[in-house]
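Q: Below is the file my_file19.txt, which contains compact mmCIF, C-alpha atoms.
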```
# COMPACT_ATOMS: atom_id res chain seq x y z
CA MET A 1 75.37 58.17 102.72
CA GLY A 2 74.15 61.74 103.06
CA TRP A 3 74.67 62.65 99.43
CA THR A 4 70.99 63.40 98.95
CA ALA A 5 71.20 66.34 101.35
CA ILE A 6 74.04 67.82 99.34
CA GLU A 7 72.17 67.26 96.07
CA GLU A 8 69.06 68.94 97.48
CA MET A 9 71.13 71.88 98.67
CA LEU A 10 72.76 72.29 95.24
CA ASP A 11 69.38 72.03 93.49
CA ALA A 12 67.91 74.66 95.81
CA GLU A 13 70.89 76.92 95.20
CA ALA A 14 70.51 76.51 91.43
CA GLU A 15 66.82 77.52 91.64
CA PHE A 16 67.65 80.78 93.40
CA SER A 17 70.58 81.77 91.22
CA VAL A 18 69.46 84.29 88.67
CA GLU A 19 71.59 85.30 85.73
CA GLU A 20 72.14 89.03 86.02
CA GLU A 21 74.11 91.27 83.78
CA PRO A 22 77.11 92.60 85.63
CA ASP A 23 76.96 96.28 86.35
CA ASN A 24 79.84 98.62 86.99
CA THR A 25 78.82 99.52 90.52
CA ASP A 26 80.20 98.17 93.73
CA HIS A 27 78.25 97.48 96.91
CA ALA A 28 78.53 101.10 98.04
CA GLY A 29 76.93 102.31 94.80
CA PHE A 30 80.08 103.77 93.26
CA GLU A 31 80.67 103.15 89.60
CA GLU A 32 83.88 101.32 88.74
CA PRO A 33 86.11 103.06 86.22
CA GLU A 34 86.71 101.49 82.85
CA PRO A 35 90.11 99.79 82.51
CA VAL A 36 92.78 102.02 81.04
CA GLU A 37 94.76 100.64 78.15
CA MET A 38 98.51 100.92 78.54
CA ASP A 39 100.91 101.66 75.73
CA GLU A 40 102.73 98.57 74.56
CA ASP A 41 106.05 100.35 74.80
CA PRO A 42 105.99 102.57 77.89
CA ILE A 43 108.46 105.40 78.06
CA ARG A 44 111.25 104.45 80.44
CA HIS A 45 114.34 106.16 81.64
CA PRO A 46 117.37 104.44 80.07
CA LEU A 47 118.75 103.59 83.52
CA VAL A 48 115.52 101.81 84.46
CA ALA A 49 115.42 99.87 81.18
CA ARG A 50 119.03 98.78 81.64
CA LEU A 51 118.48 97.74 85.26
CA ILE A 52 115.45 95.66 84.38
CA ASN A 53 117.40 93.85 81.65
CA ARG A 54 120.43 93.33 83.89
CA SER A 55 118.20 92.11 86.73
CA ALA A 56 116.77 89.44 84.47
CA THR A 57 120.31 88.40 83.51
CA LEU A 58 121.41 88.20 87.15
CA MET A 59 118.35 86.16 88.08
CA LYS A 60 119.14 83.63 85.36
CA LEU A 61 122.78 83.41 86.41
CA ALA A 62 121.92 82.91 90.07
CA GLU A 63 118.91 80.61 89.76
CA ASP A 64 118.81 77.38 91.72
CA ARG A 65 121.70 78.36 94.00
CA PRO A 66 120.60 78.19 97.64
CA ASP A 67 122.78 80.89 99.19
CA ASN A 68 121.42 83.61 101.48
CA ASP A 69 124.01 86.21 100.46
CA LEU A 70 123.42 85.53 96.77
CA GLU A 71 119.67 85.81 97.27
CA GLU A 72 120.14 89.11 99.11
CA MET A 73 122.42 90.43 96.37
CA VAL A 74 120.00 89.46 93.62
CA GLY A 75 116.96 90.70 95.57
CA GLY A 76 118.57 94.03 96.35
CA PHE A 77 119.68 94.55 92.76
CA ILE A 78 116.28 93.58 91.35
CA ALA A 79 114.54 96.12 93.62
CA VAL A 80 116.59 99.06 92.34
CA GLY A 81 115.03 99.39 88.85
CA PRO A 82 111.41 99.55 90.04
CA LYS A 83 112.33 101.97 92.83
CA ILE A 84 113.96 104.33 90.34
CA ALA A 85 110.97 103.94 88.00
CA GLY A 86 108.67 104.85 90.88
CA ALA A 87 110.76 107.89 91.73
CA LEU A 88 110.89 109.09 88.15
CA GLY A 89 107.19 108.37 87.64
CA ILE A 90 106.53 111.54 89.61
CA VAL A 91 108.10 113.61 86.83
CA ARG A 92 105.51 114.88 84.38
CA PRO A 93 105.41 113.44 80.86
CA GLY A 94 107.88 115.12 78.58
CA GLY A 95 110.45 115.33 81.36
CA LYS A 96 109.04 118.54 82.82
CA LEU A 97 109.94 118.84 86.45
CA ASP A 98 107.31 119.72 88.98
CA TYR A 99 109.48 121.41 91.57
CA GLU A 100 106.94 120.72 94.31
CA PHE A 101 107.81 117.02 94.19
CA ASN A 102 111.58 117.16 93.80
CA GLY A 103 112.09 116.31 97.47
CA LEU A 104 109.90 113.24 97.08
CA VAL A 105 111.84 112.11 94.00
CA VAL A 106 115.14 112.49 95.89
CA ALA A 107 113.75 110.53 98.86
CA LYS A 108 112.62 107.70 96.59
CA LEU A 109 116.00 107.64 94.85
CA LYS A 110 117.64 107.35 98.28
CA ARG A 111 115.56 104.22 98.87
CA ALA A 112 116.92 102.80 95.62
CA ILE A 113 120.44 103.49 96.87
CA GLY A 114 119.54 101.67 100.10
CA GLU A 115 118.58 98.56 98.12
CA LEU A 116 121.73 98.86 96.06
CA SER A 117 123.84 99.12 99.22
CA ARG A 118 122.20 95.95 100.52
CA ALA A 119 123.13 94.20 97.26
CA VAL A 120 126.72 95.47 97.36
CA ASN A 121 127.14 94.35 100.99
CA ALA A 122 125.87 90.88 100.13
CA ALA A 123 128.22 90.75 97.13
CA SER A 124 131.10 91.72 99.40
CA ARG A 125 130.27 88.84 101.71
CA LEU A 126 130.18 86.47 98.73
CA LYS A 127 133.56 87.72 97.57
CA GLU A 128 135.04 87.55 101.08
CA ARG A 129 134.15 83.91 101.50
CA LYS A 130 135.16 83.12 97.90
CA ALA A 131 131.78 81.66 96.97
CA GLU A 132 131.65 79.51 93.83
CA LEU A 133 129.50 81.50 91.40
CA PRO A 134 128.75 81.13 87.68
CA PHE A 135 129.69 84.80 87.13
CA SER A 136 132.33 87.31 88.12
CA ILE A 137 131.32 88.98 91.36
CA ASP A 138 133.73 91.85 90.64
CA GLU A 139 131.90 92.73 87.41
CA TRP A 140 128.58 92.90 89.23
CA VAL A 141 130.00 94.97 92.08
CA THR A 142 131.43 97.37 89.49
CA GLU A 143 128.05 97.58 87.79
CA MET A 144 126.30 98.23 91.10
CA LEU A 145 128.76 101.00 92.01
CA GLU A 146 128.35 102.60 88.57
CA THR A 147 124.58 102.42 89.01
CA ARG A 148 124.94 104.10 92.40
CA GLN A 149 126.87 106.91 90.76
CA GLU A 150 124.13 107.36 88.13
CA ILE A 151 121.49 107.54 90.85
CA LEU A 152 123.53 110.20 92.67
CA VAL A 153 123.66 112.24 89.44
CA LEU A 154 119.87 111.96 89.14
CA MET A 155 119.46 113.05 92.75
CA ASN A 156 121.58 116.13 92.10
CA GLU A 157 119.40 117.04 89.12
CA PHE A 158 116.33 117.03 91.35
CA ARG A 159 118.01 119.01 94.12
CA ARG A 160 118.42 122.08 91.91
```
Written as structure tokens, how would this file's structure read?
A:
Amino acid sequence: MGWTAIEEMLDAEAEFSVEEEPDNTDHAGFEEPEPVEMDEDPIRHPLVARLINRSATLMKLAEDRPDNDLEEMVGGFIAVGPKIAGALGIVRPGGKLDYEFNGLVVAKLKRAIGELSRAVNAASRLKERKAELPFSIDEWVTEMLETRQEILVLMNEFRR
């Protein structure tokens, strides 16, 4: 049935395979860096920590509900925390500002506001059509608007 050809091929392949110790070089000859161990409890801005926790809560509340506006609201809100974390990751450890990068931090924070605006717009559509939700849309809109205000305060700090 043709199985002998496959067996012969596998046997031949096994003969040529040689056990080698892995080295830390790639095909171009560059040595790969050793993995860096991360702290178990990374330092986070309180706003980022809160947004990550609230995002998890919103995901649980909205799960298994096939609604495009709800998915857009949740997706937009979930994207805000990591965007702020990325923006604030530019700040040196210890909170020291590197004034050369303030413009970049502000630009990244603006992107977070863009995601938040997308989430608020989707929430407004949900509210307008009186969608049946397992949570109060007004509470989440309030939270999103308060978050927007906190981002604007951060942006002002980096504009100085």
Q: Smallest atom-to-atom distance to Ala85 of chain A: which of A:Leu126, A:Ile52, A:Leu133, A:Ala119, using all atoms listed in the file?
A: A:Ile52
Q: Record the distance separating atom CA of Val80 of chain A and atom CA of Ala112 of chain A, expressed in Å with one decimal.
A: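 The value is 5.0 Å.
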Q: Just checking: using only C-alpha atoms, which residue out of A:Asn156, A:Gln149, A:Asn102, A:Thr142 ends up closest to Leu47 of chain A?
A: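 Closest to Leu47 of chain A, using only C-alpha atoms: A:Gln149.
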Q: Calculated over all atoms listed in the file, which of the candidates A:Ile78, A:Ala123, A:Leu152, A:Leu70 has the smallest distance to Lys108 of chain A?
A: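 Closest residue, counting all atoms listed in the file: A:Leu152.
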Q: Quick one: distance from atom CA of Arg125 of chain A to atom CA of Val74 of chain A in Å, one decimal?
A: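 Atom CA of Val74 of chain A lies at a distance of 13.1 Å from atom CA of Arg125 of chain A.
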Q: To one decimal place in Å, what is the distance between atom CA of Pro66 of chain A and atom CA of Ser117 of chain A?
A: 21.2 Å
Q: So that I can check the surroundings of Met59 of chain A, please list as a PyMOL selection string every protein, DNA and RNA residue that reaches within 10 Å of it, counting all atoms listed in the file and ignoring chain neighbours fewer than 5 positions away.
A: chain A and resi 54+64+71+74-75+77-78
Q: Compare A:Leu154, A:Ser124, A:Glu132, A:Ala87 by their minimum atom-to-atom distance to Arg65 of chain A, counting all atoms listed in the file, and give me the closest one.
A: A:Glu132
Q: Looking at only C-alpha atoms, which of A:Tyr99, A:Gly114, A:Ala122, A:Ala131 is the one that sits closest to Glu157 of chain A?
A: A:Tyr99
Q: Go through A:Leu61, A:Val91, A:Leu51, A:Ile113 and flag the residue nearest Ile137 of chain A, using only C-alpha atoms for the distances.
A: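 The answer is A:Leu61, which sits nearest to Ile137 of chain A.
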Q: Give me the residues near Arg111 of chain A as a list in words, where near means some atom within 8 Å (using all atoms listed in the file) and where sequence neighbours in that chain fewer than 4 positions away do not count.
A: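 Near Arg111 of chain A, the qualifying residues are Lys83, Ala107 and Glu115 of chain A.
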Q: Just to be explicit: take each residue in the selection above, keep C-alpha atoms, and write the result as a JSON list (two decimals), in the frame of the given file.
A:
```
[["chain", "number", "residue", "atom", "x", "y", "z"],
["A", 83, "LYS", "CA", 112.33, 101.97, 92.83],
["A", 107, "ALA", "CA", 113.75, 110.53, 98.86],
["A", 115, "GLU", "CA", 118.58, 98.56, 98.12]]
```
Q: Will you model N, CA, C and O atoms for segment 128-145 of chain A and pass it back as an mmCIF file, in the frame of the given file?
A:
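Final file, part15.cif:
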```
data_model
loop_
_atom_site.group_PDB
_atom_site.id
_atom_site.type_symbol
_atom_site.label_atom_id
_atom_site.label_comp_id
_atom_site.auth_asym_id
_atom_site.auth_seq_id
_atom_site.Cartn_x
_atom_site.Cartn_y
_atom_site.Cartn_z
ATOM 1 N N GLU A 128 134.200 87.799 99.906
ATOM 2 C CA GLU A 128 135.040 87.550 101.080
ATOM 3 C C GLU A 128 135.171 86.050 101.366
ATOM 4 O O GLU A 128 136.245 85.563 101.696
ATOM 5 N N ARG A 129 134.093 85.335 101.214
ATOM 6 C CA ARG A 129 134.150 83.910 101.500
ATOM 7 C C ARG A 129 134.435 83.067 100.250
ATOM 8 O O ARG A 129 134.358 81.841 100.291
ATOM 9 N N LYS A 130 134.759 83.762 99.162
ATOM 10 C CA LYS A 130 135.160 83.120 97.900
ATOM 11 C C LYS A 130 134.132 82.086 97.440
ATOM 12 O O LYS A 130 134.455 80.948 97.129
ATOM 13 N N ALA A 131 132.876 82.527 97.390
ATOM 14 C CA ALA A 131 131.780 81.660 96.970
ATOM 15 C C ALA A 131 131.938 81.269 95.504
ATOM 16 O O ALA A 131 132.360 82.082 94.680
ATOM 17 N N GLU A 132 131.618 80.020 95.207
ATOM 18 C CA GLU A 132 131.650 79.510 93.830
ATOM 19 C C GLU A 132 130.411 80.036 93.113
ATOM 20 O O GLU A 132 129.291 79.650 93.433
ATOM 21 N N LEU A 133 130.619 80.906 92.136
ATOM 22 C CA LEU A 133 129.500 81.500 91.400
ATOM 23 C C LEU A 133 129.709 81.332 89.900
ATOM 24 O O LEU A 133 130.847 81.279 89.438
ATOM 25 N N PRO A 134 128.625 81.294 89.136
ATOM 26 C CA PRO A 134 128.750 81.130 87.680
ATOM 27 C C PRO A 134 129.014 82.471 86.964
ATOM 28 O O PRO A 134 128.844 82.562 85.760
ATOM 29 N N PHE A 135 129.405 83.489 87.721
ATOM 30 C CA PHE A 135 129.690 84.800 87.130
ATOM 31 C C PHE A 135 130.747 85.490 87.977
ATOM 32 O O PHE A 135 131.034 85.084 89.099
ATOM 33 N N SER A 136 131.305 86.538 87.411
ATOM 34 C CA SER A 136 132.330 87.310 88.120
ATOM 35 C C SER A 136 131.656 88.285 89.081
ATOM 36 O O SER A 136 130.934 89.182 88.652
ATOM 37 N N ILE A 137 131.900 88.098 90.354
ATOM 38 C CA ILE A 137 131.320 88.980 91.360
ATOM 39 C C ILE A 137 131.855 90.401 91.214
ATOM 40 O O ILE A 137 131.134 91.371 91.421
ATOM 41 N N ASP A 138 133.123 90.525 90.810
ATOM 42 C CA ASP A 138 133.730 91.850 90.640
ATOM 43 C C ASP A 138 133.011 92.662 89.560
ATOM 44 O O ASP A 138 132.812 93.871 89.724
ATOM 45 N N GLU A 139 132.613 92.015 88.479
ATOM 46 C CA GLU A 139 131.900 92.730 87.410
ATOM 47 C C GLU A 139 130.558 93.258 87.914
ATOM 48 O O GLU A 139 130.168 94.376 87.586
ATOM 49 N N TRP A 140 129.869 92.458 88.719
ATOM 50 C CA TRP A 140 128.580 92.900 89.230
ATOM 51 C C TRP A 140 128.734 93.987 90.284
ATOM 52 O O TRP A 140 127.924 94.913 90.338
ATOM 53 N N VAL A 141 129.758 93.898 91.099
ATOM 54 C CA VAL A 141 130.000 94.970 92.080
ATOM 55 C C VAL A 141 130.307 96.265 91.337
ATOM 56 O O VAL A 141 129.788 97.328 91.697
ATOM 57 N N THR A 142 131.117 96.185 90.295
ATOM 58 C CA THR A 142 131.430 97.370 89.490
ATOM 59 C C THR A 142 130.154 97.955 88.901
ATOM 60 O O THR A 142 129.936 99.170 88.947
ATOM 61 N N GLU A 143 129.315 97.100 88.362
ATOM 62 C CA GLU A 143 128.050 97.580 87.790
ATOM 63 C C GLU A 143 127.174 98.247 88.846
ATOM 64 O O GLU A 143 126.570 99.290 88.610
ATOM 65 N N MET A 144 127.118 97.653 90.034
ATOM 66 C CA MET A 144 126.300 98.230 91.100
ATOM 67 C C MET A 144 126.852 99.592 91.539
ATOM 68 O O MET A 144 126.081 100.525 91.786
ATOM 69 N N LEU A 145 128.167 99.712 91.616
ATOM 70 C CA LEU A 145 128.760 101.000 92.010
ATOM 71 C C LEU A 145 128.559 102.054 90.933
ATOM 72 O O LEU A 145 128.312 103.227 91.240
#
```
